[in-house]
Amino acid sequence: MKHQSVKQLLSTSPSNQNVCVKGWVRTRRGNKNVVFIAVNDGSTIHNIQVVADPNAFDENLIKRIQTGCSVSIQGKLVPSQGSGQPVEVQANEIHIYGEADPETYPLQKKGHSLEFLREIAHLRPRTNTFGAVFRIRHAMAFAIHQYFNDRGFYYLHTPIITGSDAEGAGAMFRVTTLDASAPPKKEDGTIDYDQDFFGRETNLTVSGQLEGELGALALGLIYTFGPTFRAENSNTARHLAEFWMIEPEMAFYELADNMDLVEDMLKYLVRYALDNCKDDLEFLNKMYDNELLQRLQSVVDHQFVRLPYTEAVEILKSSGQKFEYKVEWGTDLQSEHERYLVEKHFQKPVILFDYPKHIKAFYMKQNDDGKTVRAMDVLFPGIGEIVGGSQREEDYEKLLNRVKEMGIHEQSLWWYLETRKFGTVPHAGFGLGFERLILFITGMANIRDVIPFPRTPLNAEF
RNA sequence: UCCUCAGUAGCUCAGCUGGUUAGAGCACAUGACUGUUAAUCAUGGGGUCCCUGGUUCGAGCCCAGGCUGGGGAGCCA
């Protein structure tokens with residue numbers, strides 16, 4: 001008999017029809033006359049309740065049905081006599097695929113700390129919390145593609161392995177097939193990458209942006225959505241060595257268009273979660289963060305603040321707030337400053353723009369004041385920077401000067417620079433950290449709890 | 001990488017001023033219970049007190065070094 005998902009069964013009207021459910025047992029309880037088995041298959045946060053008459057089954061079989069074991073159960077779908085669920089399955093046949101010895105199975109029917117669950121990343125998807133988070137993660141990935149597709153953007157696959165070391169977005173992981181213990185050397189003693197797989201030094205990408213720009217300058221509107229790697233020794237609840245990033249890039253967009261797009265997109269995604277992930281969000285709201293739903297709704301309901309960096313500095317200086325780090329025009333804002341603006345002063349998302357040029361990347365469009373560039377960062381409550389973006393410098397001479405000023409090897413960027421030589425146009429784009437988005441949507445506090453298998457310094461076990 | 005806190009039963013934690021045989025709740029096992037909702041009640045088993053070294057008559061507790069984890073900071077998305 002073909003089985004149905006728990007999600008399907010829970011929304012089916014019961015009429016004693018025969019059904020089959022397959023999944024993992026969450027709890028078993030009962031007495032001599034009746035046994036209740038809560039089964040979950042990951043299709044929804046809710047379990048389906050299976051009711052069995054212990055006298056109709058082998059006593060040993062009932063005993064073996066324990067938390068974590070996998071089962072296939074056939075029975076009748078009936079209205080539930082209890083109050084906790086609309087329907088239940090009256091079991092006729094119970095088959096156990098695999099037992100889970102309660103003495104050694106780490107997930108028991110009790111609360112476990114998120115720290116403990118990180119140590120058993122192979123099993124934590126079976127918990128309510130991680131089931132909810134990963135279902136939401138899926139929904140957000142899907143919604144991102146939907147959002148862009150509906151608006152005429154093309155999904156561009158930019159390379160994971162890159163030969164460009166000039167992106168300036170952080171330390172990189174080397175990709176090589178050379179023998180690490182005895183690499184070939186040149187006469188001067190340095191490693192001879194001519195003999196490596198690509199005949200040059202290569203790394204895992206820290207951003208698809210530069211290639212994304214090449215796509216936008218042909219297809220008009222593109223986005224990337226792929227893995228990104230940073231070899232920084234970052235040990236925080238907001239950083240991963242391997243994470244996923246969404247990077248739209250738009251020809252003929254200026255900074256204001258960029259800000260319009262990012263605000264519209266983030267609101268679309270939050271609304272999508274509220275509309276499509278209700279059960280999972282309600283669970284997270286109840287168990288982890290009582291203000292989650294309210295905070296999500298508030299992002300949808302309010303306009304983001306748009307504030308030039310220079311005005312932000314003035315607000316911070318005249319705030320009367322004591323900061324550990326002094327606020328000074330020309331320095332990058334510290335976490336405490338960003339948090340003050342977002343969580344205290346405005347109490348809603350803030351887009352900061354027009355940053356001092358010397359604290360930003362070489363490719364950002366220079367303003368006429370000679371001091372600032374058309375950069376923007378989107379700051380979210382509790383997360384900090386969730387998006388970083390800018391209008392790009394489309395003037396060949398200005399871009400080249402900036403490359404030289406910042407000591408970047410211009411030869412390795414010849415292809416990027418050529419786009420400004422041939423048919424250059426104003427364009428803009430941004431990078432959205434996917435896991436930071438999921439942090440915000442789920443209310444989770446640690447980025448390691450919103451990606452199935454987190455990669456952080458000293459952690460690549462699973 | 002820096003600052004800071006922590007590491008005791010499968011999990012979450014308590015353990016007083018350094019003193020005999022290290023405790024609790026949950027989980028687990030056994031039993032009871034006619035419909036439960038992380039069922040309830042009773043009974044029971046369960047310990048490399050993170051590791052190494054030191055101080056002391058005596059260390060879970062004090063000291064040094066290390067390992068691991070949390071929180072904060074930096075780098076950023």
# chains A, B, ... in the order shown; residues from 1 in each chain; ligands from 1
>>> interface_residues(of="chain A", to="chain B", cutoff="6 Å", atoms="only C-alpha atoms (C1' of nucleotides)", output="list in words")
Lys109, Lys110 and Gly433 of chain A
>>> residues_around(residues="A:Ala38", least_positions_apart="2", cutoff="9 Å", atoms="only C-alpha atoms (C1' of nucleotides)", output="number ranges by chain")
A: 24-29, 36, 40, 47-51
>>> write_last_selection(atoms="all heavy atoms", output="compact mmCIF listing (two decimals), in the first residue's frame")
# COMPACT_ATOMS: atom_id res chain seq x y z
N TRP A 24 9.40 8.22 11.75
CA TRP A 24 10.20 7.92 12.94
C TRP A 24 9.35 8.20 14.18
O TRP A 24 8.63 9.21 14.24
CB TRP A 24 11.46 8.77 12.97
CG TRP A 24 12.38 8.39 11.85
CD1 TRP A 24 13.39 7.47 11.90
CD2 TRP A 24 12.36 8.90 10.52
NE1 TRP A 24 14.00 7.38 10.67
CE2 TRP A 24 13.38 8.24 9.80
CE3 TRP A 24 11.56 9.83 9.83
CZ2 TRP A 24 13.64 8.49 8.45
CZ3 TRP A 24 11.82 10.09 8.49
CH2 TRP A 24 12.85 9.42 7.82
N VAL A 25 9.46 7.31 15.14
CA VAL A 25 8.65 7.43 16.36
C VAL A 25 9.24 8.51 17.26
O VAL A 25 10.44 8.53 17.53
CB VAL A 25 8.63 6.07 17.10
CG1 VAL A 25 8.00 6.23 18.48
CG2 VAL A 25 7.87 5.05 16.27
N ARG A 26 8.38 9.41 17.68
CA ARG A 26 8.82 10.45 18.62
C ARG A 26 8.59 9.99 20.06
O ARG A 26 9.48 10.10 20.90
CB ARG A 26 8.06 11.76 18.36
CG ARG A 26 8.56 12.51 17.15
CD ARG A 26 10.00 12.97 17.37
NE ARG A 26 10.64 13.47 16.16
CZ ARG A 26 10.39 14.65 15.61
NH1 ARG A 26 9.51 15.46 16.16
NH2 ARG A 26 11.02 15.03 14.53
N THR A 27 7.39 9.51 20.37
CA THR A 27 7.14 8.95 21.71
C THR A 27 6.17 7.79 21.60
O THR A 27 5.40 7.71 20.65
CB THR A 27 6.51 9.98 22.67
OG1 THR A 27 5.17 10.27 22.24
CG2 THR A 27 7.29 11.26 22.75
N ARG A 28 6.26 6.94 22.58
CA ARG A 28 5.24 5.90 22.74
C ARG A 28 4.78 5.97 24.18
O ARG A 28 5.60 6.14 25.09
CB ARG A 28 5.85 4.52 22.46
CG ARG A 28 4.81 3.42 22.43
CD ARG A 28 5.44 2.06 22.69
NE ARG A 28 5.77 1.91 24.10
CZ ARG A 28 6.76 1.14 24.55
NH1 ARG A 28 7.55 0.49 23.72
NH2 ARG A 28 6.98 1.04 25.84
N ARG A 29 3.51 5.91 24.43
CA ARG A 29 2.99 5.93 25.80
C ARG A 29 1.70 5.12 25.84
O ARG A 29 1.16 4.76 24.79
CB ARG A 29 2.75 7.38 26.25
CG ARG A 29 1.89 8.15 25.30
CD ARG A 29 1.70 9.61 25.70
NE ARG A 29 0.94 10.26 24.65
CZ ARG A 29 1.49 10.97 23.67
NH1 ARG A 29 2.79 11.14 23.62
NH2 ARG A 29 0.74 11.50 22.72
N PHE A 36 -0.27 4.67 22.48
CA PHE A 36 -0.22 5.80 21.56
C PHE A 36 1.20 5.93 21.03
O PHE A 36 2.16 5.89 21.79
CB PHE A 36 -0.60 7.10 22.27
CG PHE A 36 -1.97 7.06 22.87
CD1 PHE A 36 -2.15 6.78 24.21
CD2 PHE A 36 -3.08 7.27 22.07
CE1 PHE A 36 -3.42 6.73 24.76
CE2 PHE A 36 -4.35 7.22 22.60
CZ PHE A 36 -4.53 6.95 23.95
N ASN A 40 6.52 10.98 13.27
CA ASN A 40 6.86 12.17 12.49
C ASN A 40 7.68 11.73 11.30
O ASN A 40 8.54 10.86 11.41
CB ASN A 40 7.66 13.15 13.36
CG ASN A 40 7.90 14.47 12.64
OD1 ASN A 40 8.79 14.57 11.80
ND2 ASN A 40 7.11 15.47 12.98
N ASN A 47 3.14 15.75 14.57
CA ASN A 47 3.17 14.29 14.52
C ASN A 47 1.77 13.78 14.21
O ASN A 47 0.78 14.47 14.44
CB ASN A 47 3.59 13.71 15.87
CG ASN A 47 4.92 14.27 16.33
OD1 ASN A 47 5.80 14.55 15.52
ND2 ASN A 47 5.06 14.44 17.64
N ILE A 48 1.72 12.56 13.69
CA ILE A 48 0.41 11.92 13.61
C ILE A 48 0.34 10.90 14.73
O ILE A 48 1.33 10.25 15.06
CB ILE A 48 0.14 11.28 12.24
CG1 ILE A 48 -1.35 10.92 12.12
CG2 ILE A 48 1.02 10.05 12.00
CD1 ILE A 48 -1.84 10.80 10.71
N GLN A 49 -0.83 10.82 15.37
CA GLN A 49 -0.98 9.89 16.48
C GLN A 49 -1.51 8.55 15.97
O GLN A 49 -2.54 8.50 15.31
CB GLN A 49 -1.94 10.47 17.52
CG GLN A 49 -2.28 9.48 18.63
CD GLN A 49 -2.75 10.17 19.89
OE1 GLN A 49 -1.97 10.77 20.62
NE2 GLN A 49 -4.03 10.09 20.15
N VAL A 50 -0.75 7.52 16.29
CA VAL A 50 -1.18 6.17 15.95
C VAL A 50 -1.68 5.53 17.24
O VAL A 50 -1.03 5.62 18.29
CB VAL A 50 -0.02 5.34 15.37
CG1 VAL A 50 -0.45 3.89 15.15
CG2 VAL A 50 0.46 5.97 14.07
N VAL A 51 -2.87 4.92 17.17
CA VAL A 51 -3.43 4.24 18.34
C VAL A 51 -3.41 2.74 18.08
O VAL A 51 -3.82 2.30 17.00
CB VAL A 51 -4.88 4.69 18.60
CG1 VAL A 51 -5.38 4.12 19.92
CG2 VAL A 51 -4.96 6.21 18.62
>>> select_by_dssp(residues="stretch 304-427 of chain A", states="helix (DSSP H, G or I)", output="ChimeraX atom specification")
/A:309-317,335-346,357-359,396-405,410-421
>>> select_by_dssp(residues="stretch 24-189 of chain A", states="strand (DSSP E)", output="PyMOL selection string")
chain A and resi 24-30+35-40+48-52+70-79+87-98+154-155+161-162+174-175
>>> residues_around(residues="B:G60", least_positions_apart="3", cutoff="8 Å", atoms="only C-alpha atoms (C1' of nucleotides)", output="PyMOL selection string")
chain B and resi 8+22+49
>>> atom_distance(atom1="atom CA of A:Ile37", atom2="atom CA of A:Tyr288")
26.0 Å
>>> atom_distance(atom1="atom CA of A:Tyr154", atom2="atom CA of A:Asn258")
16.6 Å
>>> closest_residue(among="A:Phe353, A:Phe430, A:Trp244, A:Tyr223", to="A:Gly152", atoms="only C-alpha atoms")
A:Tyr223
>>> atom_distance(atom1="atom CA of A:Tyr97", atom2="atom CA of A:Gln66")
12.1 Å
>>> residues_around(residues="A:Ile386", least_positions_apart="5", cutoff="7 Å", atoms="only C-alpha atoms (C1' of nucleotides)", output="PyMOL selection string")
(chain A and resi 378-380+432-433+436-437) or (chain B and resi 77)
>>> write_last_selection(atoms="all heavy atoms", output="PDB file, in the first residue's frame")
ATOM      1  N   VAL A 378      22.503  46.938   4.592  1.00  0.00           N
ATOM      2  CA  VAL A 378      21.206  46.808   5.244  1.00  0.00           C
ATOM      3  C   VAL A 378      21.427  46.200   6.618  1.00  0.00           C
ATOM      4  O   VAL A 378      22.016  45.124   6.743  1.00  0.00           O
ATOM      5  CB  VAL A 378      20.238  45.922   4.421  1.00  0.00           C
ATOM      6  CG1 VAL A 378      18.889  45.829   5.124  1.00  0.00           C
ATOM      7  CG2 VAL A 378      20.079  46.470   3.011  1.00  0.00           C
ATOM      8  N   LEU A 379      20.986  46.901   7.640  1.00  0.00           N
ATOM      9  CA  LEU A 379      21.165  46.446   9.022  1.00  0.00           C
ATOM     10  C   LEU A 379      19.822  45.982   9.572  1.00  0.00           C
ATOM     11  O   LEU A 379      18.821  46.700   9.479  1.00  0.00           O
ATOM     12  CB  LEU A 379      21.711  47.585   9.883  1.00  0.00           C
ATOM     13  CG  LEU A 379      22.951  48.305   9.333  1.00  0.00           C
ATOM     14  CD1 LEU A 379      23.378  49.422  10.271  1.00  0.00           C
ATOM     15  CD2 LEU A 379      24.090  47.319   9.123  1.00  0.00           C
ATOM     16  N   PHE A 380      19.816  44.784  10.148  1.00  0.00           N
ATOM     17  CA  PHE A 380      18.593  44.208  10.700  1.00  0.00           C
ATOM     18  C   PHE A 380      18.723  44.056  12.208  1.00  0.00           C
ATOM     19  O   PHE A 380      19.817  43.773  12.701  1.00  0.00           O
ATOM     20  CB  PHE A 380      18.333  42.840  10.053  1.00  0.00           C
ATOM     21  CG  PHE A 380      17.301  42.860   8.963  1.00  0.00           C
ATOM     22  CD1 PHE A 380      17.219  43.917   8.078  1.00  0.00           C
ATOM     23  CD2 PHE A 380      16.398  41.813   8.819  1.00  0.00           C
ATOM     24  CE1 PHE A 380      16.264  43.934   7.066  1.00  0.00           C
ATOM     25  CE2 PHE A 380      15.444  41.820   7.822  1.00  0.00           C
ATOM     26  CZ  PHE A 380      15.373  42.873   6.940  1.00  0.00           C
ATOM     27  N   LEU A 432      23.318  39.178  -0.347  1.00  0.00           N
ATOM     28  CA  LEU A 432      22.494  38.848   0.818  1.00  0.00           C
ATOM     29  C   LEU A 432      23.001  37.539   1.401  1.00  0.00           C
ATOM     30  O   LEU A 432      23.053  36.523   0.708  1.00  0.00           O
ATOM     31  CB  LEU A 432      21.023  38.702   0.404  1.00  0.00           C
ATOM     32  CG  LEU A 432      20.077  38.033   1.413  1.00  0.00           C
ATOM     33  CD1 LEU A 432      19.924  38.874   2.666  1.00  0.00           C
ATOM     34  CD2 LEU A 432      18.719  37.781   0.783  1.00  0.00           C
ATOM     35  N   GLY A 433      23.390  37.571   2.673  1.00  0.00           N
ATOM     36  CA  GLY A 433      23.840  36.358   3.327  1.00  0.00           C
ATOM     37  C   GLY A 433      22.639  35.479   3.637  1.00  0.00           C
ATOM     38  O   GLY A 433      21.780  35.844   4.428  1.00  0.00           O
ATOM     39  N   ARG A 436      22.162  34.461   7.236  1.00  0.00           N
ATOM     40  CA  ARG A 436      21.745  35.591   8.082  1.00  0.00           C
ATOM     41  C   ARG A 436      20.263  35.881   7.891  1.00  0.00           C
ATOM     42  O   ARG A 436      19.562  36.241   8.835  1.00  0.00           O
ATOM     43  CB  ARG A 436      22.597  36.823   7.778  1.00  0.00           C
ATOM     44  CG  ARG A 436      24.033  36.618   8.275  1.00  0.00           C
ATOM     45  CD  ARG A 436      24.821  37.898   8.302  1.00  0.00           C
ATOM     46  NE  ARG A 436      26.173  37.605   8.769  1.00  0.00           N
ATOM     47  CZ  ARG A 436      27.180  38.459   8.725  1.00  0.00           C
ATOM     48  NH1 ARG A 436      26.987  39.674   8.221  1.00  0.00           N
ATOM     49  NH2 ARG A 436      28.362  38.128   9.172  1.00  0.00           N
ATOM     50  N   LEU A 437      19.802  35.703   6.657  1.00  0.00           N
ATOM     51  CA  LEU A 437      18.360  35.825   6.422  1.00  0.00           C
ATOM     52  C   LEU A 437      17.608  34.772   7.236  1.00  0.00           C
ATOM     53  O   LEU A 437      16.607  35.079   7.899  1.00  0.00           O
ATOM     54  CB  LEU A 437      18.058  35.649   4.929  1.00  0.00           C
ATOM     55  CG  LEU A 437      16.572  35.561   4.572  1.00  0.00           C
ATOM     56  CD1 LEU A 437      15.926  36.931   4.702  1.00  0.00           C
ATOM     57  CD2 LEU A 437      16.372  34.997   3.175  1.00  0.00           C
TER      58      LEU A 437
ATOM     59  P     A B  77      30.527  41.776   2.694  1.00  0.00           P
ATOM     60  OP1   A B  77      30.834  41.784   1.263  1.00  0.00           O
ATOM     61  OP2   A B  77      30.113  43.023   3.361  1.00  0.00           O
ATOM     62  O5'   A B  77      29.401  40.690   2.977  1.00  0.00           O
ATOM     63  C5'   A B  77      28.413  40.470   2.018  1.00  0.00           C
ATOM     64  C4'   A B  77      27.232  39.765   2.622  1.00  0.00           C
ATOM     65  O4'   A B  77      27.596  38.423   3.016  1.00  0.00           O
ATOM     66  C3'   A B  77      26.652  40.446   3.851  1.00  0.00           C
ATOM     67  O3'   A B  77      25.258  40.345   3.856  1.00  0.00           O
ATOM     68  C2'   A B  77      27.221  39.626   4.998  1.00  0.00           C
ATOM     69  O2'   A B  77      26.399  39.591   6.125  1.00  0.00           O
ATOM     70  C1'   A B  77      27.353  38.233   4.375  1.00  0.00           C
ATOM     71  N9    A B  77      28.496  37.492   4.913  1.00  0.00           N
ATOM     72  C8    A B  77      29.803  37.875   4.856  1.00  0.00           C
ATOM     73  N7    A B  77      30.627  37.011   5.405  1.00  0.00           N
ATOM     74  C5    A B  77      29.799  35.994   5.860  1.00  0.00           C
ATOM     75  C6    A B  77      30.072  34.790   6.527  1.00  0.00           C
ATOM     76  N6    A B  77      31.298  34.413   6.857  1.00  0.00           N
ATOM     77  N1    A B  77      29.030  34.000   6.836  1.00  0.00           N
ATOM     78  C2    A B  77      27.803  34.400   6.484  1.00  0.00           C
ATOM     79  N3    A B  77      27.417  35.512   5.853  1.00  0.00           N
ATOM     80  C4    A B  77      28.478  36.277   5.559  1.00  0.00           C
TER      81        A B  77
END
